[in-house]
file run11.txt (compact mmCIF, N, CA and C atoms)
# COMPACT_ATOMS: atom_id res chain seq x y z
N MET A 218 -6.86 121.58 11.22
CA MET A 218 -7.84 122.61 10.90
C MET A 218 -7.38 123.34 9.64
N ILE A 219 -8.31 123.54 8.73
CA ILE A 219 -7.96 124.21 7.49
C ILE A 219 -8.05 125.73 7.67
N SER A 220 -7.19 126.43 6.96
CA SER A 220 -7.15 127.89 7.05
C SER A 220 -8.22 128.50 6.14
N GLY A 221 -8.40 129.78 6.26
CA GLY A 221 -9.35 130.49 5.41
C GLY A 221 -8.98 130.40 3.94
N LYS A 222 -7.68 130.47 3.67
CA LYS A 222 -7.21 130.38 2.29
C LYS A 222 -7.47 128.98 1.72
N GLU A 223 -7.21 127.95 2.52
CA GLU A 223 -7.47 126.58 2.10
C GLU A 223 -8.97 126.36 1.88
N ARG A 224 -9.79 126.92 2.79
CA ARG A 224 -11.24 126.81 2.68
C ARG A 224 -11.73 127.45 1.38
N ALA A 225 -11.17 128.59 1.02
CA ALA A 225 -11.55 129.28 -0.22
C ALA A 225 -11.23 128.42 -1.44
N LYS A 226 -10.07 127.78 -1.44
CA LYS A 226 -9.70 126.90 -2.55
C LYS A 226 -10.63 125.69 -2.63
N LEU A 227 -10.97 125.13 -1.47
CA LEU A 227 -11.87 123.98 -1.44
C LEU A 227 -13.27 124.37 -1.93
N LYS A 228 -13.71 125.58 -1.62
CA LYS A 228 -15.00 126.07 -2.12
C LYS A 228 -14.99 126.10 -3.64
N GLY A 229 -13.87 126.51 -4.21
CA GLY A 229 -13.74 126.54 -5.66
C GLY A 229 -13.86 125.15 -6.26
N PHE A 230 -13.21 124.16 -5.65
CA PHE A 230 -13.33 122.79 -6.11
C PHE A 230 -14.75 122.26 -5.94
N ALA A 231 -15.40 122.67 -4.85
CA ALA A 231 -16.75 122.19 -4.56
C ALA A 231 -17.75 122.65 -5.60
N ASN A 232 -17.49 123.79 -6.24
CA ASN A 232 -18.40 124.27 -7.29
C ASN A 232 -18.53 123.26 -8.43
N GLY A 233 -17.48 122.50 -8.68
CA GLY A 233 -17.48 121.58 -9.81
C GLY A 233 -17.93 120.17 -9.50
N ILE A 234 -18.33 119.89 -8.26
CA ILE A 234 -18.75 118.52 -7.94
C ILE A 234 -20.24 118.46 -7.64
N LYS A 235 -20.80 117.28 -7.83
CA LYS A 235 -22.22 117.07 -7.56
C LYS A 235 -22.38 116.49 -6.16
N PRO A 236 -23.53 116.72 -5.54
CA PRO A 236 -23.78 116.14 -4.22
C PRO A 236 -23.71 114.61 -4.27
N LEU A 237 -23.09 114.02 -3.26
CA LEU A 237 -22.94 112.57 -3.18
C LEU A 237 -23.85 111.94 -2.16
N LEU A 238 -24.48 112.75 -1.31
CA LEU A 238 -25.33 112.23 -0.24
C LEU A 238 -26.54 113.13 -0.10
N GLN A 239 -27.70 112.51 0.08
CA GLN A 239 -28.94 113.26 0.31
C GLN A 239 -29.48 112.88 1.68
N ILE A 240 -29.96 113.87 2.41
CA ILE A 240 -30.57 113.63 3.71
C ILE A 240 -32.02 114.07 3.61
N GLY A 241 -32.92 113.16 3.91
CA GLY A 241 -34.35 113.43 3.81
C GLY A 241 -35.04 113.37 5.14
N LYS A 242 -36.27 112.89 5.13
CA LYS A 242 -37.08 112.90 6.34
C LYS A 242 -36.55 111.97 7.43
N GLY A 243 -35.70 111.02 7.04
CA GLY A 243 -35.11 110.12 8.03
C GLY A 243 -34.09 110.80 8.91
N GLY A 244 -33.58 111.93 8.47
CA GLY A 244 -32.62 112.68 9.26
C GLY A 244 -31.25 112.03 9.32
N ILE A 245 -30.54 112.26 10.41
CA ILE A 245 -29.19 111.75 10.60
C ILE A 245 -29.25 110.47 11.43
N SER A 246 -28.93 109.35 10.78
CA SER A 246 -28.89 108.07 11.47
C SER A 246 -27.45 107.56 11.43
N GLN A 247 -27.20 106.46 12.11
CA GLN A 247 -25.86 105.88 12.08
C GLN A 247 -25.50 105.45 10.67
N GLY A 248 -26.49 104.99 9.91
CA GLY A 248 -26.24 104.61 8.52
C GLY A 248 -25.79 105.78 7.67
N VAL A 249 -26.38 106.94 7.88
CA VAL A 249 -25.98 108.15 7.16
C VAL A 249 -24.55 108.53 7.53
N ILE A 250 -24.23 108.45 8.80
CA ILE A 250 -22.88 108.78 9.26
C ILE A 250 -21.86 107.80 8.68
N ASP A 251 -22.20 106.51 8.67
CA ASP A 251 -21.29 105.50 8.09
C ASP A 251 -21.07 105.76 6.61
N GLN A 252 -22.15 106.08 5.89
CA GLN A 252 -22.04 106.37 4.47
C GLN A 252 -21.20 107.62 4.23
N LEU A 253 -21.40 108.64 5.05
CA LEU A 253 -20.62 109.87 4.92
C LEU A 253 -19.14 109.60 5.20
N ASN A 254 -18.85 108.80 6.20
CA ASN A 254 -17.45 108.44 6.49
C ASN A 254 -16.79 107.77 5.29
N GLN A 255 -17.52 106.86 4.64
CA GLN A 255 -16.98 106.16 3.48
C GLN A 255 -16.77 107.13 2.31
N LEU A 256 -17.73 108.04 2.10
CA LEU A 256 -17.59 109.03 1.04
C LEU A 256 -16.39 109.96 1.29
N LEU A 257 -16.20 110.37 2.53
CA LEU A 257 -15.07 111.23 2.87
C LEU A 257 -13.75 110.49 2.66
N GLU A 258 -13.73 109.21 2.97
CA GLU A 258 -12.52 108.41 2.77
C GLU A 258 -12.20 108.29 1.28
N ASP A 259 -13.24 108.10 0.47
CA ASP A 259 -13.06 107.90 -0.97
C ASP A 259 -12.82 109.20 -1.73
N HIS A 260 -13.52 110.28 -1.35
CA HIS A 260 -13.52 111.50 -2.15
C HIS A 260 -12.90 112.72 -1.45
N GLU A 261 -12.81 112.70 -0.15
CA GLU A 261 -12.28 113.79 0.68
C GLU A 261 -13.19 115.02 0.73
N LEU A 262 -13.65 115.50 -0.41
CA LEU A 262 -14.53 116.66 -0.47
C LEU A 262 -15.93 116.17 -0.86
N VAL A 263 -16.90 116.36 0.04
CA VAL A 263 -18.24 115.79 -0.15
C VAL A 263 -19.30 116.86 0.01
N LYS A 264 -20.21 116.89 -0.97
CA LYS A 264 -21.37 117.77 -0.91
C LYS A 264 -22.57 116.94 -0.46
N ILE A 265 -23.35 117.50 0.45
CA ILE A 265 -24.54 116.84 0.98
C ILE A 265 -25.73 117.77 0.73
N THR A 266 -26.80 117.22 0.18
CA THR A 266 -28.00 118.02 0.00
C THR A 266 -29.06 117.57 0.99
N PHE A 267 -29.83 118.53 1.45
CA PHE A 267 -30.94 118.27 2.36
C PHE A 267 -32.22 118.45 1.58
N LEU A 268 -33.00 117.38 1.47
CA LEU A 268 -34.24 117.43 0.70
C LEU A 268 -35.27 118.29 1.41
N LYS A 269 -36.26 118.72 0.66
CA LYS A 269 -37.30 119.59 1.24
C LYS A 269 -38.05 118.92 2.38
N ASN A 270 -38.16 117.57 2.34
CA ASN A 270 -38.88 116.88 3.40
C ASN A 270 -38.01 116.58 4.63
N SER A 271 -36.75 117.03 4.61
CA SER A 271 -35.87 116.84 5.76
C SER A 271 -36.31 117.75 6.90
N ILE A 272 -36.25 117.20 8.10
CA ILE A 272 -36.63 118.01 9.27
C ILE A 272 -35.47 118.89 9.74
N TYR A 273 -34.30 118.71 9.12
CA TYR A 273 -33.11 119.47 9.50
C TYR A 273 -32.65 120.37 8.36
N SER A 274 -31.93 121.41 8.72
CA SER A 274 -31.23 122.24 7.74
C SER A 274 -29.74 121.93 7.88
N PRO A 275 -28.95 122.26 6.86
CA PRO A 275 -27.51 121.99 6.96
C PRO A 275 -26.87 122.62 8.19
N LYS A 276 -27.26 123.82 8.52
CA LYS A 276 -26.65 124.52 9.66
C LYS A 276 -27.01 123.87 10.99
N GLU A 277 -28.19 123.22 11.05
CA GLU A 277 -28.63 122.60 12.30
C GLU A 277 -27.83 121.34 12.63
N VAL A 278 -27.40 120.59 11.63
CA VAL A 278 -26.70 119.33 11.88
C VAL A 278 -25.21 119.38 11.58
N LYS A 279 -24.73 120.53 11.15
CA LYS A 279 -23.32 120.68 10.78
C LYS A 279 -22.40 120.18 11.90
N ASP A 280 -22.57 120.67 13.10
CA ASP A 280 -21.68 120.30 14.21
C ASP A 280 -21.75 118.81 14.53
N GLU A 281 -22.96 118.24 14.45
CA GLU A 281 -23.13 116.81 14.71
C GLU A 281 -22.36 115.98 13.68
N LEU A 282 -22.45 116.35 12.42
CA LEU A 282 -21.75 115.62 11.37
C LEU A 282 -20.24 115.80 11.47
N LEU A 283 -19.80 117.01 11.80
CA LEU A 283 -18.36 117.25 11.95
C LEU A 283 -17.78 116.42 13.08
N GLU A 284 -18.49 116.37 14.20
CA GLU A 284 -18.02 115.60 15.35
C GLU A 284 -18.01 114.10 15.06
N ALA A 285 -19.04 113.62 14.38
CA ALA A 285 -19.17 112.19 14.10
C ALA A 285 -18.16 111.69 13.08
N THR A 286 -17.72 112.57 12.17
CA THR A 286 -16.85 112.12 11.08
C THR A 286 -15.41 112.65 11.18
N GLY A 287 -15.18 113.66 12.00
CA GLY A 287 -13.85 114.26 12.07
C GLY A 287 -13.54 115.12 10.85
N ALA A 288 -14.58 115.52 10.13
CA ALA A 288 -14.41 116.32 8.92
C ALA A 288 -14.29 117.80 9.27
N GLU A 289 -13.95 118.59 8.27
CA GLU A 289 -13.85 120.05 8.38
C GLU A 289 -15.01 120.67 7.60
N PHE A 290 -15.56 121.75 8.13
CA PHE A 290 -16.62 122.48 7.45
C PHE A 290 -16.00 123.31 6.33
N VAL A 291 -16.61 123.25 5.14
CA VAL A 291 -16.17 124.07 4.02
C VAL A 291 -17.18 125.18 3.77
N GLN A 292 -18.45 124.79 3.54
CA GLN A 292 -19.47 125.81 3.32
C GLN A 292 -20.87 125.22 3.43
N ALA A 293 -21.83 126.09 3.69
CA ALA A 293 -23.25 125.74 3.66
C ALA A 293 -23.95 126.82 2.86
N ILE A 294 -24.55 126.41 1.76
CA ILE A 294 -25.29 127.34 0.91
C ILE A 294 -26.66 126.73 0.67
N GLY A 295 -27.70 127.45 1.09
CA GLY A 295 -29.06 126.95 0.90
C GLY A 295 -29.24 125.60 1.57
N SER A 296 -29.64 124.61 0.80
CA SER A 296 -29.86 123.27 1.34
C SER A 296 -28.68 122.35 1.07
N THR A 297 -27.50 122.90 0.85
CA THR A 297 -26.30 122.11 0.56
C THR A 297 -25.20 122.40 1.56
N LEU A 298 -24.58 121.33 2.04
CA LEU A 298 -23.48 121.41 2.99
C LEU A 298 -22.27 120.72 2.36
N THR A 299 -21.10 121.34 2.47
CA THR A 299 -19.88 120.75 1.92
C THR A 299 -18.89 120.53 3.06
N LEU A 300 -18.37 119.29 3.12
CA LEU A 300 -17.42 118.90 4.15
C LEU A 300 -16.14 118.36 3.50
N PHE A 301 -15.03 118.44 4.26
CA PHE A 301 -13.74 117.97 3.77
C PHE A 301 -13.04 117.20 4.88
N ARG A 302 -12.46 116.07 4.51
CA ARG A 302 -11.58 115.34 5.43
C ARG A 302 -10.44 114.77 4.60
N LYS A 303 -9.26 115.25 4.89
CA LYS A 303 -8.07 114.82 4.14
C LYS A 303 -7.76 113.36 4.40
N ASN A 304 -7.46 112.64 3.34
CA ASN A 304 -7.03 111.26 3.44
C ASN A 304 -5.53 111.27 3.74
N PRO A 305 -5.12 110.81 4.92
CA PRO A 305 -3.70 110.90 5.29
C PRO A 305 -2.79 110.02 4.43
N GLU A 306 -3.33 108.98 3.82
CA GLU A 306 -2.50 108.07 3.03
C GLU A 306 -2.32 108.55 1.60
N GLU A 307 -3.38 109.04 0.97
CA GLU A 307 -3.33 109.42 -0.43
C GLU A 307 -4.31 110.56 -0.69
N SER A 308 -3.86 111.78 -0.55
CA SER A 308 -4.73 112.94 -0.69
C SER A 308 -4.68 113.53 -2.09
N SER A 309 -5.85 113.82 -2.63
CA SER A 309 -5.94 114.51 -3.92
C SER A 309 -5.76 116.00 -3.73
N PHE A 310 -5.79 116.47 -2.48
CA PHE A 310 -5.75 117.88 -2.18
C PHE A 310 -4.46 118.28 -1.46
N GLU A 311 -3.40 117.54 -1.68
CA GLU A 311 -2.12 117.79 -1.01
C GLU A 311 -1.61 119.19 -1.29
N GLU A 312 -1.77 119.69 -2.54
CA GLU A 312 -1.29 121.01 -2.88
C GLU A 312 -2.05 122.12 -2.16
N ILE A 313 -3.25 121.82 -1.71
CA ILE A 313 -4.07 122.82 -1.01
C ILE A 313 -3.78 122.79 0.49
N THR A 314 -3.81 121.61 1.06
CA THR A 314 -3.72 121.49 2.52
C THR A 314 -2.31 121.25 3.02
N GLY A 315 -1.36 121.01 2.13
CA GLY A 315 0.01 120.79 2.56
C GLY A 315 0.19 119.42 3.19
N SER A 316 1.41 119.12 3.60
CA SER A 316 1.68 117.81 4.16
C SER A 316 1.46 117.75 5.66
N GLY A 317 1.45 118.89 6.34
CA GLY A 317 1.22 118.89 7.78
C GLY A 317 -0.22 119.12 8.11
N ASP A 318 -0.66 118.58 9.24
CA ASP A 318 -2.06 118.76 9.66
C ASP A 318 -2.24 119.96 10.54

call {"tool": "encode", "arguments": {"input": "run11.txt", "output": "structure tokens"}}
result
Amino acid sequence: MISGKERAKLKGFANGIKPLLQIGKGGISQGVIDQLNQLLEDHELVKITFLKNSIYSPKEVKDELLEATGAEFVQAIGSTLTLFRKNPEESSFEEITGSGD
């Protein structure tokens, strides 16, 4: 679990990245979860946007996505959700999250 201080630093990094996943009217499917898992493995910090035609808001599906991927919640602003999952083998965020889990 990330601390408040770590979450604040991750929010700062999130400001500089573009969304990597969009969720639309199809909602959350197994394909979306698989794609999110791959993005978290590759990038660790992932921004997700919810399109206007999506039947869900970021806050409505946050817990479902966290449970399905094992990720940590960073922030939800408007129609954007940011998640983090540290790569145990090679983390780009080692200085933020430290070596212990």

call {"tool": "closest_atom_pairs", "arguments": {"input": "run11.txt", "of": "stretch 256-283 of chain A", "to": "stretch 300-305 of chain A", "cutoff": "6.5 Å", "atoms": "all atoms listed in the file", "output": "Markdown table"}}
result
| residue | atom | partner | partner_atom | distance |
| --- | --- | --- | --- | --- |
| A:Leu257 | CA | A:Arg302 | N | 5.7 |
| A:Glu258 | CA | A:Asn304 | CA | 6.2 |
| A:Glu261 | C | A:Arg302 | N | 4.0 |
| A:Leu262 | CA | A:Phe301 | CA | 4.5 |
| A:Val263 | C | A:Leu300 | N | 4.1 |
| A:Lys264 | N | A:Leu300 | N | 5.1 |
| A:Ile265 | N | A:Leu300 | N | 5.9 |

call {"tool": "closest_residue", "arguments": {"input": "run11.txt", "among": "A:Glu306, A:Gln292, A:Ser274, A:Thr297", "to": "A:Lys228", "atoms": "all atoms listed in the file"}}
result
A:Gln292

call {"tool": "atom_distance", "arguments": {"input": "run11.txt", "atom1": "atom CA of A:Ala225", "atom2": "atom N of A:Leu268"}}
result
24.6 Å

call {"tool": "select_by_dssp", "arguments": {"input": "run11.txt", "residues": "stretch 233-318 of chain A", "states": "strand (DSSP E)", "output": "ChimeraX atom specification"}}
result
/A:238-240,262-267,289-294,297-301

call {"tool": "write_last_selection", "arguments": {"input": "run11.txt", "atoms": "N, CA and C atoms", "output": "compact mmCIF listing (two decimals), in the coordinates of the input"}}
result
# COMPACT_ATOMS: atom_id res chain seq x y z
N LEU A 238 -24.48 112.75 -1.31
CA LEU A 238 -25.33 112.23 -0.24
C LEU A 238 -26.54 113.13 -0.10
N GLN A 239 -27.70 112.51 0.08
CA GLN A 239 -28.94 113.26 0.31
C GLN A 239 -29.48 112.88 1.68
N ILE A 240 -29.96 113.87 2.41
CA ILE A 240 -30.57 113.63 3.71
C ILE A 240 -32.02 114.07 3.61
N LEU A 262 -13.65 115.50 -0.41
CA LEU A 262 -14.53 116.66 -0.47
C LEU A 262 -15.93 116.17 -0.86
N VAL A 263 -16.90 116.36 0.04
CA VAL A 263 -18.24 115.79 -0.15
C VAL A 263 -19.30 116.86 0.01
N LYS A 264 -20.21 116.89 -0.97
CA LYS A 264 -21.37 117.77 -0.91
C LYS A 264 -22.57 116.94 -0.46
N ILE A 265 -23.35 117.50 0.45
CA ILE A 265 -24.54 116.84 0.98
C ILE A 265 -25.73 117.77 0.73
N THR A 266 -26.80 117.22 0.18
CA THR A 266 -28.00 118.02 0.00
C THR A 266 -29.06 117.57 0.99
N PHE A 267 -29.83 118.53 1.45
CA PHE A 267 -30.94 118.27 2.36
C PHE A 267 -32.22 118.45 1.58
N GLU A 289 -13.95 118.59 8.27
CA GLU A 289 -13.85 120.05 8.38
C GLU A 289 -15.01 120.67 7.60
N PHE A 290 -15.56 121.75 8.13
CA PHE A 290 -16.62 122.48 7.45
C PHE A 290 -16.00 123.31 6.33
N VAL A 291 -16.61 123.25 5.14
CA VAL A 291 -16.17 124.07 4.02
C VAL A 291 -17.18 125.18 3.77
N GLN A 292 -18.45 124.79 3.54
CA GLN A 292 -19.47 125.81 3.32
C GLN A 292 -20.87 125.22 3.43
N ALA A 293 -21.83 126.09 3.69
CA ALA A 293 -23.25 125.74 3.66
C ALA A 293 -23.95 126.82 2.86
N ILE A 294 -24.55 126.41 1.76
CA ILE A 294 -25.29 127.34 0.91
C ILE A 294 -26.66 126.73 0.67
N THR A 297 -27.50 122.90 0.85
CA THR A 297 -26.30 122.11 0.56
C THR A 297 -25.20 122.40 1.56
N LEU A 298 -24.58 121.33 2.04
CA LEU A 298 -23.48 121.41 2.99
C LEU A 298 -22.27 120.72 2.36
N THR A 299 -21.10 121.34 2.47
CA THR A 299 -19.88 120.75 1.92
C THR A 299 -18.89 120.53 3.06
N LEU A 300 -18.37 119.29 3.12
CA LEU A 300 -17.42 118.90 4.15
C LEU A 300 -16.14 118.36 3.50
N PHE A 301 -15.03 118.44 4.26
CA PHE A 301 -13.74 117.97 3.77
C PHE A 301 -13.04 117.20 4.88

call {"tool": "residues_around", "arguments": {"input": "run11.txt", "residues": "A:Leu253", "least_positions_apart": "5", "cutoff": "8 Å", "atoms": "all atoms listed in the file", "output": "short mmCIF file (atom, residue, chain, number, x, y, z; two decimals) with N, CA and C atoms, keeping the file's coordinate frame"}}
result
data_model
loop_
_atom_site.label_atom_id
_atom_site.label_comp_id
_atom_site.auth_asym_id
_atom_site.auth_seq_id
_atom_site.Cartn_x
_atom_site.Cartn_y
_atom_site.Cartn_z
N LEU A 238 -24.48 112.75 -1.31
CA LEU A 238 -25.33 112.23 -0.24
C LEU A 238 -26.54 113.13 -0.10
N GLN A 247 -27.20 106.46 12.11
CA GLN A 247 -25.86 105.88 12.08
C GLN A 247 -25.50 105.45 10.67
N GLY A 248 -26.49 104.99 9.91
CA GLY A 248 -26.24 104.61 8.52
C GLY A 248 -25.79 105.78 7.67
N GLU A 258 -13.73 109.21 2.97
CA GLU A 258 -12.52 108.41 2.77
C GLU A 258 -12.20 108.29 1.28
N ASP A 259 -13.24 108.10 0.47
CA ASP A 259 -13.06 107.90 -0.97
C ASP A 259 -12.82 109.20 -1.73
N THR A 286 -17.72 112.57 12.17
CA THR A 286 -16.85 112.12 11.08
C THR A 286 -15.41 112.65 11.18
#

call {"tool": "atom_distance", "arguments": {"input": "run11.txt", "atom1": "atom CA of A:Ile234", "atom2": "atom C of A:Leu256"}}
result
12.8 Å

call {"tool": "closest_residue", "arguments": {"input": "run11.txt", "among": "A:Lys276, A:Gly241, A:Lys226, A:Ile219", "to": "A:Glu289", "atoms": "all atoms listed in the file"}}
result
A:Ile219

call {"tool": "atom_distance", "arguments": {"input": "run11.txt", "atom1": "atom N of A:Gln255", "atom2": "atom N of A:Phe290"}}
result
15.4 Å

call {"tool": "closest_residue", "arguments": {"input": "run11.txt", "among": "A:Ile245, A:Leu283, A:Ile240, A:Leu227", "to": "A:Asn270", "atoms": "only N, CA and C atoms"}}
result
A:Ile240

call {"tool": "axis_aligned_box", "arguments": {"input": "run11.txt", "around": "stretch 251-255 of chain A", "padding_each_side": "6 Å", "output": "JSON"}}
result
{"center_x": -19.5, "center_y": 107.7, "center_z": 5.5, "size_x": 17.4, "size_y": 16.4, "size_z": 18.4}

call {"tool": "select_by_dssp", "arguments": {"input": "run11.txt", "residues": "chain A", "states": "alpha helix (DSSP H)", "output": "ChimeraX atom specification"}}
result
/A:221-232,247-260,275-286,311-314

call {"tool": "write_last_selection", "arguments": {"input": "run11.txt", "atoms": "N, CA and C atoms", "output": "compact mmCIF listing (two decimals), in the coordinates of the input"}}
result
# COMPACT_ATOMS: atom_id res chain seq x y z
N GLY A 221 -8.40 129.78 6.26
CA GLY A 221 -9.35 130.49 5.41
C GLY A 221 -8.98 130.40 3.94
N LYS A 222 -7.68 130.47 3.67
CA LYS A 222 -7.21 130.38 2.29
C LYS A 222 -7.47 128.98 1.72
N GLU A 223 -7.21 127.95 2.52
CA GLU A 223 -7.47 126.58 2.10
C GLU A 223 -8.97 126.36 1.88
N ARG A 224 -9.79 126.92 2.79
CA ARG A 224 -11.24 126.81 2.68
C ARG A 224 -11.73 127.45 1.38
N ALA A 225 -11.17 128.59 1.02
CA ALA A 225 -11.55 129.28 -0.22
C ALA A 225 -11.23 128.42 -1.44
N LYS A 226 -10.07 127.78 -1.44
CA LYS A 226 -9.70 126.90 -2.55
C LYS A 226 -10.63 125.69 -2.63
N LEU A 227 -10.97 125.13 -1.47
CA LEU A 227 -11.87 123.98 -1.44
C LEU A 227 -13.27 124.37 -1.93
N LYS A 228 -13.71 125.58 -1.62
CA LYS A 228 -15.00 126.07 -2.12
C LYS A 228 -14.99 126.10 -3.64
N GLY A 229 -13.87 126.51 -4.21
CA GLY A 229 -13.74 126.54 -5.66
C GLY A 229 -13.86 125.15 -6.26
N PHE A 230 -13.21 124.16 -5.65
CA PHE A 230 -13.33 122.79 -6.11
C PHE A 230 -14.75 122.26 -5.94
N ALA A 231 -15.40 122.67 -4.85
CA ALA A 231 -16.75 122.19 -4.56
C ALA A 231 -17.75 122.65 -5.60
N ASN A 232 -17.49 123.79 -6.24
CA ASN A 232 -18.40 124.27 -7.29
C ASN A 232 -18.53 123.26 -8.43
N GLN A 247 -27.20 106.46 12.11
CA GLN A 247 -25.86 105.88 12.08
C GLN A 247 -25.50 105.45 10.67
N GLY A 248 -26.49 104.99 9.91
CA GLY A 248 -26.24 104.61 8.52
C GLY A 248 -25.79 105.78 7.67
N VAL A 249 -26.38 106.94 7.88
CA VAL A 249 -25.98 108.15 7.16
C VAL A 249 -24.55 108.53 7.53
N ILE A 250 -24.23 108.45 8.80
CA ILE A 250 -22.88 108.78 9.26
C ILE A 250 -21.86 107.80 8.68
N ASP A 251 -22.20 106.51 8.67
CA ASP A 251 -21.29 105.50 8.09
C ASP A 251 -21.07 105.76 6.61
N GLN A 252 -22.15 106.08 5.89
CA GLN A 252 -22.04 106.37 4.47
C GLN A 252 -21.20 107.62 4.23
N LEU A 253 -21.40 108.64 5.05
CA LEU A 253 -20.62 109.87 4.92
C LEU A 253 -19.14 109.60 5.20
N ASN A 254 -18.85 108.80 6.20
CA ASN A 254 -17.45 108.44 6.49
C ASN A 254 -16.79 107.77 5.29
N GLN A 255 -17.52 106.86 4.64
CA GLN A 255 -16.98 106.16 3.48
C GLN A 255 -16.77 107.13 2.31
N LEU A 256 -17.73 108.04 2.10
CA LEU A 256 -17.59 109.03 1.04
C LEU A 256 -16.39 109.96 1.29
N LEU A 257 -16.20 110.37 2.53
CA LEU A 257 -15.07 111.23 2.87
C LEU A 257 -13.75 110.49 2.66
N GLU A 258 -13.73 109.21 2.97
CA GLU A 258 -12.52 108.41 2.77
C GLU A 258 -12.20 108.29 1.28
N ASP A 259 -13.24 108.10 0.47
CA ASP A 259 -13.06 107.90 -0.97
C ASP A 259 -12.82 109.20 -1.73
N HIS A 260 -13.52 110.28 -1.35
CA HIS A 260 -13.52 111.50 -2.15
C HIS A 260 -12.90 112.72 -1.45
N PRO A 275 -28.95 122.26 6.86
CA PRO A 275 -27.51 121.99 6.96
C PRO A 275 -26.87 122.62 8.19
N LYS A 276 -27.26 123.82 8.52
CA LYS A 276 -26.65 124.52 9.66
C LYS A 276 -27.01 123.87 10.99
N GLU A 277 -28.19 123.22 11.05
CA GLU A 277 -28.63 122.60 12.30
C GLU A 277 -27.83 121.34 12.63
N VAL A 278 -27.40 120.59 11.63
CA VAL A 278 -26.70 119.33 11.88
C VAL A 278 -25.21 119.38 11.58
N LYS A 279 -24.73 120.53 11.15
CA LYS A 279 -23.32 120.68 10.78
C LYS A 279 -22.40 120.18 11.90
N ASP A 280 -22.57 120.67 13.10
CA ASP A 280 -21.68 120.30 14.21
C ASP A 280 -21.75 118.81 14.53
N GLU A 281 -22.96 118.24 14.45
CA GLU A 281 -23.13 116.81 14.71
C GLU A 281 -22.36 115.98 13.68
N LEU A 282 -22.45 116.35 12.42
CA LEU A 282 -21.75 115.62 11.37
C LEU A 282 -20.24 115.80 11.47
N LEU A 283 -19.80 117.01 11.80
CA LEU A 283 -18.36 117.25 11.95
C LEU A 283 -17.78 116.42 13.08
N GLU A 284 -18.49 116.37 14.20
CA GLU A 284 -18.02 115.60 15.35
C GLU A 284 -18.01 114.10 15.06
N ALA A 285 -19.04 113.62 14.38
CA ALA A 285 -19.17 112.19 14.10
C ALA A 285 -18.16 111.69 13.08
N THR A 286 -17.72 112.57 12.17
CA THR A 286 -16.85 112.12 11.08
C THR A 286 -15.41 112.65 11.18
N GLU A 311 -3.40 117.54 -1.68
CA GLU A 311 -2.12 117.79 -1.01
C GLU A 311 -1.61 119.19 -1.29
N GLU A 312 -1.77 119.69 -2.54
CA GLU A 312 -1.29 121.01 -2.88
C GLU A 312 -2.05 122.12 -2.16
N ILE A 313 -3.25 121.82 -1.71
CA ILE A 313 -4.07 122.82 -1.01
C ILE A 313 -3.78 122.79 0.49
N THR A 314 -3.81 121.61 1.06
CA THR A 314 -3.72 121.49 2.52
C THR A 314 -2.31 121.25 3.02

call {"tool": "closest_residue", "arguments": {"input": "run11.txt", "among": "A:Glu284, A:Lys242, A:His260, A:Ala293", "to": "A:Ile272", "atoms": "only C-alpha atoms"}}
result
A:Lys242

call {"tool": "closest_residue", "arguments": {"input": "run11.txt", "among": "A:Gly243, A:Leu282, A:Gly287, A:Ser308", "to": "A:Met218", "atoms": "only C-alpha atoms"}}
result
A:Gly287
